[in-house]
Amino acid sequence: MSFTFQINSDVEFNHNKKLLDKAEDNVTELYHEVKTPQQIVTVEKNKQKLDGIGVKKIADINELAKMSLGRNERVILDFGDHYVGRFSIKARSIGSPMDAPLTVKLKFAELPAELEQKSEDYDGWLSKSWMQEEILHLDQLPAIIKLPRRYSFRYVELSVIDTSPKWKTIFSEPTLLTESSANNHLKEFKVKDAELKEIYKVGLKTLEDCMQDVFEDGPKRDRRLWIGDLRLQALANYASFKNTTLVKRCLYLFAAMTAKDGRIPANVFAGHSYAPDDTFLLDYSLFFTSILDDYVRETEDYNLLDELFPIAKKQMDYVLDRFVNKDGSINLNEDYPVFIDWSNDFSKETSGIAVIVYTLKQFNHLLKLQKVERSDQVKYINNIEKIIDYIKNRLFDKERGLFLSGTNHEVNIASQVWMVLAGVFDKKTNKKIMQKIVTELFPIKGIATPYMYHHITEALFQVGLEEKAVKLLKSYWGGMIRLGADTYWEAFEPENPSYSPYGSSMVNSYCHAWSCTPVYLIKKYL
């Protein structure tokens, strides 16, 4: 199975006003802080950083007000950490009277590598309008440049396209007003291991900057509520900021805008108005049940469960009625693909089947909380039993001790990990499976996202291979830090650090929600 760019303009959606109103009732406060740059830097080659590009300090920030800039001159401001918010700066002229406008380009970058990229060279399949650049013409100075858009960045490059031969411009008082719905006044979480402490800290910052009006997937690009990201963000949030109201709001938004056939879209747009996207992923729709179950376990909010249980039930029934056969086999298809990971270089059939078992078990827990009659639970209990029976007899290679996937009987990491997380076998057998993975399939190749690496790491922790899990935390998330990350990235292949699922890393998100889970993993297992 693979994920492709979906256009389903013929799909009809519900817009449940009652649930949308409740989403509005659960809007959370945005917290603001004023931040100023720490220093002025220049780009330099650095083999240790992403794309071999780093920065070095060239001046204190108070020197900015003394720098006069003319045609084709630039200055780079370093805020010292990653932030999300709105930028402003003052500009004035120096020299003869202004006889032409100031034309200035502002470029915002999460990493130094982005400062050297040229948007005119972009040739990816996502819109280039996501690039964080602005060109302004100012007819009169002095002026305050106050940009209306929100940006996600650490560095701001101010490039003067032109003034005139008679005068130059001076910038001063650069200011950022941050935005986040995460109250960052947390008690320090003590971790003895210094490297794990840093990994936790960067994960917390990633989560904080993705917590806006909804749990965004990334504040640089998309800025959408994706259900796969939400599931992991919510777990990290329970382990840190505990903003359960924001989770509740997001659940209402998904529940309010289902397709007419009951399916939940993979993501929704929030802002001045709400709209569902016409993209559908089988595993993402089923994860609505997971998010609801995790939320109820965290909050014991049974009123919300009563409201949204029918939505979760529709997700399960849609899949069971259309894809599960009498013998427990499951026919997945491209019309309702599974995501699992950005990489399409491995078969996703078995991991997709495991997700169905995983979410069915959580749905069964919700059934019990709803005190549904035993006779009404039978359908779901029977489906779990027959699917697991099929998995054990048809998808598990007893000689190898590993699961097979697809017509080529492929053995891949995703299949093993998701079957372990789904609890198809007992803990002793699961531990053997994970040990085989470490022996036969490590070092990991062809996995493109921290999203999938999270599930590998959690499976290691769950079976008791703590040392291996910690090693993976340090090599993978620690690897991003060593390459210069202040927040964790959307996509990262250690063997190909510049990997992009979009045909160009220029639109990659370097602060991304599904990457924040070291906060959850370290807090839960260590």
# chains A, B, ... in the order shown; residues from 1 in each chain; ligands from 1
call {"tool": "residues_around", "arguments": {"residues": "segment 215-232 of chain A", "least_positions_apart": "5", "cutoff": "6 Å", "atoms": "only C-alpha atoms", "output": "PyMOL selection string"}}
result
chain A and resi 130+152+210+266-269+284+291+511-514
call {"tool": "write_last_selection", "arguments": {"atoms": "all heavy atoms", "output": "compact mmCIF listing (two decimals), in the first residue's frame"}}
result
# COMPACT_ATOMS: atom_id res chain seq x y z
N TRP A 130 4.53 27.94 0.42
CA TRP A 130 4.83 27.68 1.82
C TRP A 130 6.20 28.22 2.23
O TRP A 130 6.51 28.29 3.42
CB TRP A 130 4.77 26.19 2.12
CG TRP A 130 3.37 25.67 2.26
CD1 TRP A 130 2.74 24.75 1.46
CD2 TRP A 130 2.41 26.05 3.25
NE1 TRP A 130 1.46 24.54 1.89
CE2 TRP A 130 1.22 25.31 2.99
CE3 TRP A 130 2.43 26.93 4.33
CZ2 TRP A 130 0.08 25.45 3.78
CZ3 TRP A 130 1.29 27.06 5.11
CH2 TRP A 130 0.14 26.33 4.83
N SER A 152 7.64 30.30 11.54
CA SER A 152 8.29 29.28 12.37
C SER A 152 9.77 29.32 12.03
O SER A 152 10.17 28.97 10.92
CB SER A 152 7.69 27.90 12.03
OG SER A 152 8.36 26.88 12.71
N CYS A 210 4.22 23.32 18.19
CA CYS A 210 3.15 22.76 17.36
C CYS A 210 1.78 22.87 18.02
O CYS A 210 0.77 22.52 17.40
CB CYS A 210 3.43 21.30 17.02
SG CYS A 210 4.83 21.06 15.89
N ALA A 266 -8.30 12.34 6.91
CA ALA A 266 -6.97 12.27 7.51
C ALA A 266 -6.59 13.57 8.21
O ALA A 266 -5.80 13.57 9.15
CB ALA A 266 -5.93 11.93 6.45
N ASN A 267 -7.17 14.69 7.76
CA ASN A 267 -6.84 15.97 8.38
C ASN A 267 -7.97 16.96 8.15
O ASN A 267 -8.81 16.78 7.27
CB ASN A 267 -5.52 16.53 7.84
CG ASN A 267 -5.59 16.89 6.37
OD1 ASN A 267 -5.87 18.03 6.02
ND2 ASN A 267 -5.34 15.93 5.48
N VAL A 268 -7.98 18.00 8.96
CA VAL A 268 -8.95 19.08 8.79
C VAL A 268 -8.22 20.42 8.86
O VAL A 268 -7.15 20.55 9.46
CB VAL A 268 -10.07 19.04 9.85
CG1 VAL A 268 -10.87 17.76 9.75
CG2 VAL A 268 -9.51 19.21 11.26
N PHE A 269 -8.83 21.41 8.21
CA PHE A 269 -8.29 22.77 8.22
C PHE A 269 -9.02 23.58 9.29
O PHE A 269 -10.25 23.54 9.39
CB PHE A 269 -8.51 23.44 6.86
CG PHE A 269 -7.85 22.73 5.72
CD1 PHE A 269 -8.52 21.73 5.01
CD2 PHE A 269 -6.55 23.04 5.33
CE1 PHE A 269 -7.92 21.08 3.95
CE2 PHE A 269 -5.94 22.38 4.28
CZ PHE A 269 -6.62 21.40 3.58
N TYR A 284 -5.29 6.17 9.71
CA TYR A 284 -5.57 7.44 10.37
C TYR A 284 -7.03 7.50 10.86
O TYR A 284 -7.30 7.95 11.97
CB TYR A 284 -5.28 8.61 9.43
CG TYR A 284 -3.84 9.08 9.46
CD1 TYR A 284 -2.79 8.18 9.68
CD2 TYR A 284 -3.51 10.40 9.27
CE1 TYR A 284 -1.48 8.60 9.69
CE2 TYR A 284 -2.20 10.84 9.29
CZ TYR A 284 -1.18 9.95 9.51
OH TYR A 284 0.11 10.37 9.54
N ILE A 291 -7.23 7.75 19.87
CA ILE A 291 -7.14 9.06 20.53
C ILE A 291 -8.25 9.20 21.57
O ILE A 291 -8.02 9.69 22.69
CB ILE A 291 -7.23 10.20 19.49
CG1 ILE A 291 -6.06 10.10 18.50
CG2 ILE A 291 -7.20 11.56 20.19
CD1 ILE A 291 -6.27 10.90 17.24
N CYS A 511 10.15 21.47 12.32
CA CYS A 511 9.51 21.41 13.64
C CYS A 511 8.21 20.69 13.38
O CYS A 511 7.26 21.28 12.86
CB CYS A 511 9.28 22.80 14.21
SG CYS A 511 8.35 22.79 15.76
N HIS A 512 8.14 19.41 13.75
CA HIS A 512 7.00 18.62 13.31
C HIS A 512 6.44 17.77 14.44
O HIS A 512 7.17 17.12 15.17
CB HIS A 512 7.39 17.73 12.13
CG HIS A 512 6.27 17.49 11.18
ND1 HIS A 512 5.84 18.44 10.28
CD2 HIS A 512 5.45 16.44 11.00
CE1 HIS A 512 4.82 17.97 9.58
NE2 HIS A 512 4.56 16.75 10.01
N ALA A 513 5.11 17.76 14.50
CA ALA A 513 4.40 17.21 15.65
C ALA A 513 4.73 15.76 15.94
O ALA A 513 4.96 15.37 17.08
CB ALA A 513 2.90 17.36 15.42
N TRP A 514 4.72 14.90 14.90
CA TRP A 514 4.87 13.48 15.17
C TRP A 514 6.28 13.10 15.63
O TRP A 514 6.54 11.96 15.96
CB TRP A 514 4.43 12.65 13.97
CG TRP A 514 5.24 12.76 12.69
CD1 TRP A 514 6.54 13.14 12.56
CD2 TRP A 514 4.78 12.41 11.38
NE1 TRP A 514 6.93 13.07 11.24
CE2 TRP A 514 5.86 12.62 10.50
CE3 TRP A 514 3.57 11.92 10.89
CZ2 TRP A 514 5.76 12.37 9.13
CZ3 TRP A 514 3.49 11.69 9.52
CH2 TRP A 514 4.56 11.91 8.66
call {"tool": "select_by_dssp", "arguments": {"residues": "segment 8-88 of chain A", "states": "strand (DSSP E)", "output": "count of residues only"}}
result
35
call {"tool": "residues_around", "arguments": {"residues": "segment 168-183 of chain A", "least_positions_apart": "3", "cutoff": "8 Å", "atoms": "only C-alpha atoms", "output": "tab-separated table (two decimals) with N, CA and C atoms, in the first residue's frame"}}
result
chain	number	residue	atom	x	y	z
A	28	THR	N	-8.60	27.09	23.27
A	28	THR	CA	-7.72	27.34	24.42
A	28	THR	C	-6.94	28.63	24.23
A	29	GLU	N	-6.50	29.18	25.32
A	29	GLU	CA	-5.77	30.45	25.32
A	29	GLU	C	-4.42	30.29	24.63
A	30	LEU	N	-4.05	31.30	23.85
A	30	LEU	CA	-2.71	31.35	23.28
A	30	LEU	C	-1.83	32.19	24.20
A	31	TYR	N	-0.68	31.64	24.55
A	31	TYR	CA	0.28	32.36	25.40
A	31	TYR	C	1.30	33.07	24.51
A	32	HIS	N	1.72	34.25	24.96
A	32	HIS	CA	2.65	35.06	24.17
A	32	HIS	C	3.86	35.45	25.01
A	33	GLU	N	5.01	35.50	24.37
A	33	GLU	CA	6.22	36.03	24.99
A	33	GLU	C	6.95	36.88	23.96
A	34	VAL	N	7.63	37.91	24.42
A	34	VAL	CA	8.43	38.75	23.53
A	34	VAL	C	9.86	38.23	23.51
A	35	LYS	N	10.36	37.96	22.31
A	35	LYS	CA	11.72	37.46	22.15
A	35	LYS	C	12.50	38.40	21.23
A	36	THR	N	13.78	38.52	21.49
A	36	THR	CA	14.66	39.33	20.64
A	36	THR	C	15.85	38.48	20.20
A	37	PRO	N	16.49	38.82	19.08
A	37	PRO	CA	17.64	38.04	18.61
A	37	PRO	C	18.79	38.08	19.61
A	64	LEU	N	23.43	45.86	15.37
A	64	LEU	CA	22.53	45.96	14.23
A	64	LEU	C	22.17	47.40	13.92
A	65	ALA	N	21.89	48.20	14.96
A	65	ALA	CA	21.45	49.58	14.77
A	65	ALA	C	22.56	50.48	14.23
A	66	LYS	N	23.76	49.93	14.09
A	66	LYS	CA	24.89	50.70	13.54
A	66	LYS	C	25.22	50.29	12.10
A	67	MET	N	24.54	49.27	11.61
A	67	MET	CA	24.85	48.74	10.28
A	67	MET	C	23.98	49.40	9.21
A	68	SER	N	24.58	50.08	8.27
A	68	SER	CA	23.83	50.64	7.15
A	68	SER	C	23.96	49.71	5.96
A	69	LEU	N	22.82	49.38	5.37
A	69	LEU	CA	22.78	48.37	4.30
A	69	LEU	C	22.23	48.98	3.02
A	70	GLY	N	22.89	48.64	1.90
A	70	GLY	CA	22.44	49.09	0.59
A	70	GLY	C	22.19	47.90	-0.32
A	83	TYR	N	11.34	29.36	17.41
A	83	TYR	CA	10.12	29.98	17.93
A	83	TYR	C	9.06	30.02	16.83
A	84	VAL	N	7.82	30.21	17.26
A	84	VAL	CA	6.70	30.41	16.36
A	84	VAL	C	6.00	31.69	16.78
A	85	GLY	N	5.80	32.60	15.81
A	85	GLY	CA	5.14	33.84	16.16
A	85	GLY	C	5.21	34.88	15.08
A	86	ARG	N	5.02	36.13	15.47
A	86	ARG	CA	4.92	37.24	14.53
A	86	ARG	C	6.08	38.21	14.72
A	87	PHE	N	6.70	38.57	13.60
A	87	PHE	CA	7.96	39.32	13.59
A	87	PHE	C	7.71	40.77	13.23
A	88	SER	N	8.46	41.67	13.87
A	88	SER	CA	8.44	43.08	13.51
A	88	SER	C	9.83	43.67	13.66
A	89	ILE	N	10.10	44.75	12.94
A	89	ILE	CA	11.40	45.41	12.99
A	89	ILE	C	11.25	46.84	12.48
A	90	LYS	N	12.06	47.74	12.98
A	90	LYS	CA	12.04	49.13	12.54
A	90	LYS	C	13.08	49.33	11.43
A	91	ALA	N	12.77	50.23	10.50
A	91	ALA	CA	13.70	50.58	9.43
A	91	ALA	C	13.72	52.10	9.26
A	92	ARG	N	14.92	52.65	9.07
A	92	ARG	CA	15.05	54.08	8.80
A	92	ARG	C	16.11	54.29	7.72
A	93	SER	N	16.11	55.45	7.13
A	93	SER	CA	17.10	55.74	6.09
A	93	SER	C	18.24	56.58	6.68
A	94	ILE	N	19.39	56.52	6.02
A	94	ILE	CA	20.54	57.31	6.40
A	94	ILE	C	21.22	57.80	5.12
A	95	GLY	N	21.64	59.05	5.12
A	95	GLY	CA	22.25	59.64	3.93
A	95	GLY	C	21.38	60.75	3.37
A	102	LEU	N	12.48	51.61	-0.46
A	102	LEU	CA	13.30	50.50	0.04
A	102	LEU	C	12.61	49.20	-0.37
A	163	THR	N	18.10	50.26	-2.42
A	163	THR	CA	17.71	51.56	-1.87
A	163	THR	C	17.85	52.54	-3.05
A	164	SER	N	18.95	53.27	-3.08
A	164	SER	CA	19.39	54.05	-4.25
A	164	SER	C	20.83	54.43	-3.95
A	165	PRO	N	21.56	54.97	-4.92
A	165	PRO	CA	22.95	55.37	-4.62
A	165	PRO	C	23.03	56.49	-3.59
A	186	LEU	N	6.61	24.64	33.21
A	186	LEU	CA	6.63	23.28	33.72
A	186	LEU	C	7.74	23.11	34.76
A	208	GLU	N	5.66	22.11	22.06
A	208	GLU	CA	5.20	23.46	22.40
A	208	GLU	C	4.93	24.29	21.15
A	209	ASP	N	5.84	24.25	20.19
A	209	ASP	CA	5.70	25.09	19.00
A	209	ASP	C	4.65	24.57	18.02
A	210	CYS	N	4.22	23.32	18.19
A	210	CYS	CA	3.15	22.76	17.36
A	210	CYS	C	1.78	22.87	18.02
A	211	MET	N	1.74	23.33	19.27
A	211	MET	CA	0.46	23.50	19.97
A	211	MET	C	-0.04	24.92	19.74
A	212	GLN	N	-0.96	25.06	18.82
A	212	GLN	CA	-1.51	26.37	18.49
A	212	GLN	C	-3.03	26.36	18.76
A	213	ASP	N	-3.80	26.88	17.85
A	213	ASP	CA	-5.25	26.84	18.00
A	213	ASP	C	-5.76	25.40	17.97
A	241	PHE	N	2.49	19.07	29.24
A	241	PHE	CA	1.68	20.27	29.44
A	241	PHE	C	0.28	19.97	29.96
A	243	ASN	N	-2.59	19.79	28.52
A	243	ASN	CA	-3.67	20.62	27.97
A	243	ASN	C	-4.72	19.70	27.34
call {"tool": "closest_residue", "arguments": {"among": "A:Ser505, A:Ser347, A:Thr359, A:Ser119", "to": "Val411 of chain A", "atoms": "only C-alpha atoms"}}
result
A:Ser347
call {"tool": "atom_distance", "arguments": {"atom1": "atom CA of Asn16 of chain A", "atom2": "atom CA of Asp317 of chain A"}}
result
20.3 Å
call {"tool": "atom_distance", "arguments": {"atom1": "atom CA of Ile388 of chain A", "atom2": "atom CA of Val438 of chain A"}}
result
24.1 Å
call {"tool": "residues_around", "arguments": {"residues": "segment 191-207 of chain A", "least_positions_apart": "2", "cutoff": "9 Å", "atoms": "only C-alpha atoms", "output": "number ranges by chain"}}
result
A: 82-83, 182, 189, 209-211, 215, 233, 236-237, 240, 470, 473-474, 477-478, 481, 485-489, 511-520, 522-523, 526
call {"tool": "closest_residue", "arguments": {"among": "A:Pro494, A:Asp78, A:Thr429, A:Ile413", "to": "Leu441 of chain A", "atoms": "only C-alpha atoms"}}
result
A:Ile413
call {"tool": "select_by_dssp", "arguments": {"residues": "segment 28-174 of chain A", "states": "helix (DSSP H, G or I)", "output": "VMD selection string"}}
result
chain A and resid 50 to 52 61 to 66 112 to 115 119 to 121 128 to 130
call {"tool": "write_last_selection", "arguments": {"atoms": "all heavy atoms", "output": "compact mmCIF listing (two decimals), in the first residue's frame"}}
result
# COMPACT_ATOMS: atom_id res chain seq x y z
N LEU A 50 23.46 19.82 9.01
CA LEU A 50 22.66 19.40 7.87
C LEU A 50 23.11 20.12 6.60
O LEU A 50 23.25 21.34 6.59
CB LEU A 50 21.18 19.67 8.13
CG LEU A 50 20.22 19.20 7.03
CD1 LEU A 50 20.21 17.67 6.94
CD2 LEU A 50 18.82 19.73 7.26
N ASP A 51 23.32 19.35 5.55
CA ASP A 51 23.77 19.86 4.24
C ASP A 51 25.13 20.55 4.32
O ASP A 51 25.50 21.31 3.41
CB ASP A 51 22.75 20.83 3.64
CG ASP A 51 21.46 20.13 3.24
OD1 ASP A 51 21.44 18.88 3.18
OD2 ASP A 51 20.46 20.82 2.98
N GLY A 52 25.85 20.32 5.41
CA GLY A 52 27.18 20.90 5.54
C GLY A 52 27.18 22.41 5.75
O GLY A 52 28.17 23.08 5.46
N ILE A 61 24.11 41.61 18.94
CA ILE A 61 22.87 42.10 18.35
C ILE A 61 22.76 43.61 18.45
O ILE A 61 22.12 44.27 17.61
CB ILE A 61 21.64 41.41 18.99
CG1 ILE A 61 20.38 41.70 18.15
CG2 ILE A 61 21.47 41.82 20.43
CD1 ILE A 61 20.44 41.19 16.73
N ASN A 62 23.40 44.23 19.45
CA ASN A 62 23.30 45.69 19.57
C ASN A 62 24.06 46.42 18.47
O ASN A 62 23.95 47.64 18.33
CB ASN A 62 23.78 46.17 20.96
CG ASN A 62 25.19 45.71 21.29
OD1 ASN A 62 25.95 45.32 20.40
ND2 ASN A 62 25.53 45.76 22.57
N GLU A 63 24.84 45.68 17.68
CA GLU A 63 25.54 46.28 16.54
C GLU A 63 24.61 46.49 15.35
O GLU A 63 24.95 47.21 14.40
CB GLU A 63 26.72 45.41 16.11
CG GLU A 63 27.82 45.28 17.13
CD GLU A 63 28.52 46.62 17.40
OE1 GLU A 63 28.88 47.29 16.41
OE2 GLU A 63 28.64 46.99 18.58
N LEU A 64 23.43 45.86 15.37
CA LEU A 64 22.53 45.96 14.23
C LEU A 64 22.17 47.40 13.92
O LEU A 64 22.13 47.81 12.74
CB LEU A 64 21.25 45.14 14.51
CG LEU A 64 20.18 45.19 13.42
CD1 LEU A 64 20.68 44.51 12.14
CD2 LEU A 64 18.90 44.51 13.89
N ALA A 65 21.89 48.20 14.96
CA ALA A 65 21.45 49.58 14.77
C ALA A 65 22.56 50.48 14.23
O ALA A 65 22.31 51.66 13.92
CB ALA A 65 20.91 50.15 16.08
N LYS A 66 23.76 49.93 14.09
CA LYS A 66 24.89 50.70 13.54
C LYS A 66 25.22 50.29 12.10
O LYS A 66 26.09 50.88 11.47
CB LYS A 66 26.13 50.50 14.42
CG LYS A 66 25.94 50.87 15.88
CD LYS A 66 27.15 50.49 16.70
CE LYS A 66 26.91 50.73 18.19
NZ LYS A 66 28.09 50.30 19.01
N PRO A 112 20.08 26.54 9.44
CA PRO A 112 21.00 27.29 8.56
C PRO A 112 20.94 26.85 7.11
O PRO A 112 21.11 27.67 6.21
CB PRO A 112 22.38 27.00 9.18
CG PRO A 112 22.10 26.76 10.62
CD PRO A 112 20.78 26.03 10.64
N ALA A 113 20.71 25.54 6.86
CA ALA A 113 20.67 25.05 5.49
C ALA A 113 19.66 25.80 4.64
O ALA A 113 19.87 26.02 3.43
CB ALA A 113 20.37 23.55 5.48
N GLU A 114 18.56 26.22 5.25
CA GLU A 114 17.51 26.92 4.50
C GLU A 114 17.96 28.30 4.04
O GLU A 114 17.45 28.84 3.04
CB GLU A 114 16.26 27.06 5.36
CG GLU A 114 15.58 25.74 5.70
CD GLU A 114 14.42 25.94 6.65
OE1 GLU A 114 14.66 26.05 7.86
OE2 GLU A 114 13.27 26.00 6.17
N LEU A 115 18.93 28.89 4.75
CA LEU A 115 19.41 30.22 4.38
C LEU A 115 20.13 30.22 3.04
O LEU A 115 20.20 31.24 2.36
CB LEU A 115 20.35 30.76 5.46
CG LEU A 115 19.69 31.03 6.83
CD1 LEU A 115 20.75 31.28 7.89
CD2 LEU A 115 18.72 32.21 6.74
N SER A 119 14.60 29.91 -3.53
CA SER A 119 13.24 29.48 -3.85
C SER A 119 13.02 29.34 -5.35
O SER A 119 12.21 28.52 -5.78
CB SER A 119 12.23 30.45 -3.25
OG SER A 119 12.45 31.77 -3.70
N GLU A 120 13.75 30.12 -6.15
CA GLU A 120 13.57 30.02 -7.60
C GLU A 120 14.07 28.68 -8.16
O GLU A 120 13.72 28.30 -9.28
CB GLU A 120 14.27 31.18 -8.33
CG GLU A 120 15.75 31.32 -8.03
CD GLU A 120 16.04 32.29 -6.89
OE1 GLU A 120 15.16 32.45 -6.00
OE2 GLU A 120 17.13 32.87 -6.90
N ASP A 121 14.84 27.96 -7.36
CA ASP A 121 15.33 26.64 -7.79
C ASP A 121 14.40 25.50 -7.39
O ASP A 121 14.65 24.34 -7.70
CB ASP A 121 16.72 26.37 -7.18
CG ASP A 121 17.77 27.35 -7.68
OD1 ASP A 121 17.61 27.88 -8.79
OD2 ASP A 121 18.75 27.60 -6.94
N LYS A 128 5.09 25.99 -3.58
CA LYS A 128 6.23 26.78 -3.13
C LYS A 128 5.78 27.99 -2.31
O LYS A 128 6.61 28.67 -1.71
CB LYS A 128 7.07 27.21 -4.32
CG LYS A 128 6.44 28.24 -5.24
CD LYS A 128 7.25 28.46 -6.50
CE LYS A 128 8.64 28.99 -6.22
NZ LYS A 128 9.41 29.22 -7.46
N SER A 129 4.47 28.24 -2.27
CA SER A 129 3.99 29.38 -1.49
C SER A 129 4.18 29.17 0.01
O SER A 129 4.01 30.11 0.80
CB SER A 129 2.51 29.66 -1.80
OG SER A 129 1.70 28.55 -1.46
N TRP A 130 4.53 27.94 0.42
CA TRP A 130 4.83 27.68 1.82
C TRP A 130 6.20 28.22 2.23
O TRP A 130 6.51 28.29 3.42
CB TRP A 130 4.77 26.19 2.12
CG TRP A 130 3.37 25.67 2.26
CD1 TRP A 130 2.74 24.75 1.46
CD2 TRP A 130 2.41 26.05 3.25
NE1 TRP A 130 1.46 24.54 1.89
CE2 TRP A 130 1.22 25.31 2.99
CE3 TRP A 130 2.43 26.93 4.33
CZ2 TRP A 130 0.08 25.45 3.78
CZ3 TRP A 130 1.29 27.06 5.11
CH2 TRP A 130 0.14 26.33 4.83
call {"tool": "residues_around", "arguments": {"residues": "Leu332 of chain A", "least_positions_apart": "3", "cutoff": "10 Å", "atoms": "only C-alpha atoms", "output": "NGL selection string"}}
result
:A and (1 or 282 or 319 or 322-324 or 329 or 335-338 or 348-350 or 352-353)
call {"tool": "closest_residue", "arguments": {"among": "A:Asp327, A:Lys313, A:Asp99, A:Gln6", "to": "Asp376 of chain A", "atoms": "only C-alpha atoms"}}
result
A:Lys313
call {"tool": "residues_around", "arguments": {"residues": "His455 of chain A", "least_positions_apart": "6", "cutoff": "12 Å", "atoms": "only C-alpha atoms", "output": "list in words"}}
result
Leu232, Ile340, Asp341, Ser351, Val355, Ile413, Ala414, Ser415, Gln416, Val417, Trp418, Met419, Val420, Leu421, Ala422, Met434, Ile447, Thr449, Phe461, Gln462, Ala469, Leu472, Leu473, Trp514, Ser515, Thr517, Pro518, Tyr520 and Leu521 of chain A
call {"tool": "closest_residue", "arguments": {"among": "A:Leu404, A:Asp123, A:Ile161, A:Lys524", "to": "Glu466 of chain A", "atoms": "only C-alpha atoms"}}
result
A:Lys524
call {"tool": "residues_around", "arguments": {"residues": "Leu320 of chain A", "least_positions_apart": "4", "cutoff": "9 Å", "atoms": "only C-alpha atoms", "output": "mmCIF file with N, CA, C and O atoms, in the first residue's frame"}}
result
data_model
loop_
_atom_site.group_PDB
_atom_site.id
_atom_site.type_symbol
_atom_site.label_atom_id
_atom_site.label_comp_id
_atom_site.auth_asym_id
_atom_site.auth_seq_id
_atom_site.Cartn_x
_atom_site.Cartn_y
_atom_site.Cartn_z
ATOM 1 N N GLN A 315 -16.120 4.099 12.359
ATOM 2 C CA GLN A 315 -14.810 3.816 11.749
ATOM 3 C C GLN A 315 -14.546 2.313 11.743
ATOM 4 O O GLN A 315 -14.104 1.741 10.743
ATOM 5 N N MET A 316 -14.805 1.675 12.880
ATOM 6 C CA MET A 316 -14.572 0.239 12.989
ATOM 7 C C MET A 316 -15.500 -0.538 12.059
ATOM 8 O O MET A 316 -15.069 -1.446 11.345
ATOM 9 N N VAL A 324 -12.777 -7.001 5.885
ATOM 10 C CA VAL A 324 -12.453 -8.226 6.623
ATOM 11 C C VAL A 324 -13.321 -9.377 6.115
ATOM 12 O O VAL A 324 -14.549 -9.290 6.100
ATOM 13 N N ASN A 325 -12.661 -10.447 5.690
ATOM 14 C CA ASN A 325 -13.363 -11.623 5.161
ATOM 15 C C ASN A 325 -13.720 -12.601 6.278
ATOM 16 O O ASN A 325 -13.249 -12.477 7.408
ATOM 17 N N ILE A 330 -7.772 -9.912 5.273
ATOM 18 C CA ILE A 330 -8.168 -8.517 5.071
ATOM 19 C C ILE A 330 -7.681 -8.062 3.709
ATOM 20 O O ILE A 330 -6.503 -8.229 3.360
ATOM 21 N N ILE A 356 -5.361 -2.505 12.419
ATOM 22 C CA ILE A 356 -6.774 -2.850 12.616
ATOM 23 C C ILE A 356 -6.957 -3.605 13.936
ATOM 24 O O ILE A 356 -7.870 -3.311 14.713
ATOM 25 N N TYR A 380 -17.223 -7.689 17.491
ATOM 26 C CA TYR A 380 -15.868 -7.142 17.553
ATOM 27 C C TYR A 380 -14.904 -8.154 18.172
ATOM 28 O O TYR A 380 -13.759 -8.290 17.720
ATOM 29 N N ASN A 383 -14.219 -10.746 15.551
ATOM 30 C CA ASN A 383 -13.317 -10.235 14.514
ATOM 31 C C ASN A 383 -11.868 -10.222 14.981
ATOM 32 O O ASN A 383 -10.970 -10.589 14.231
#
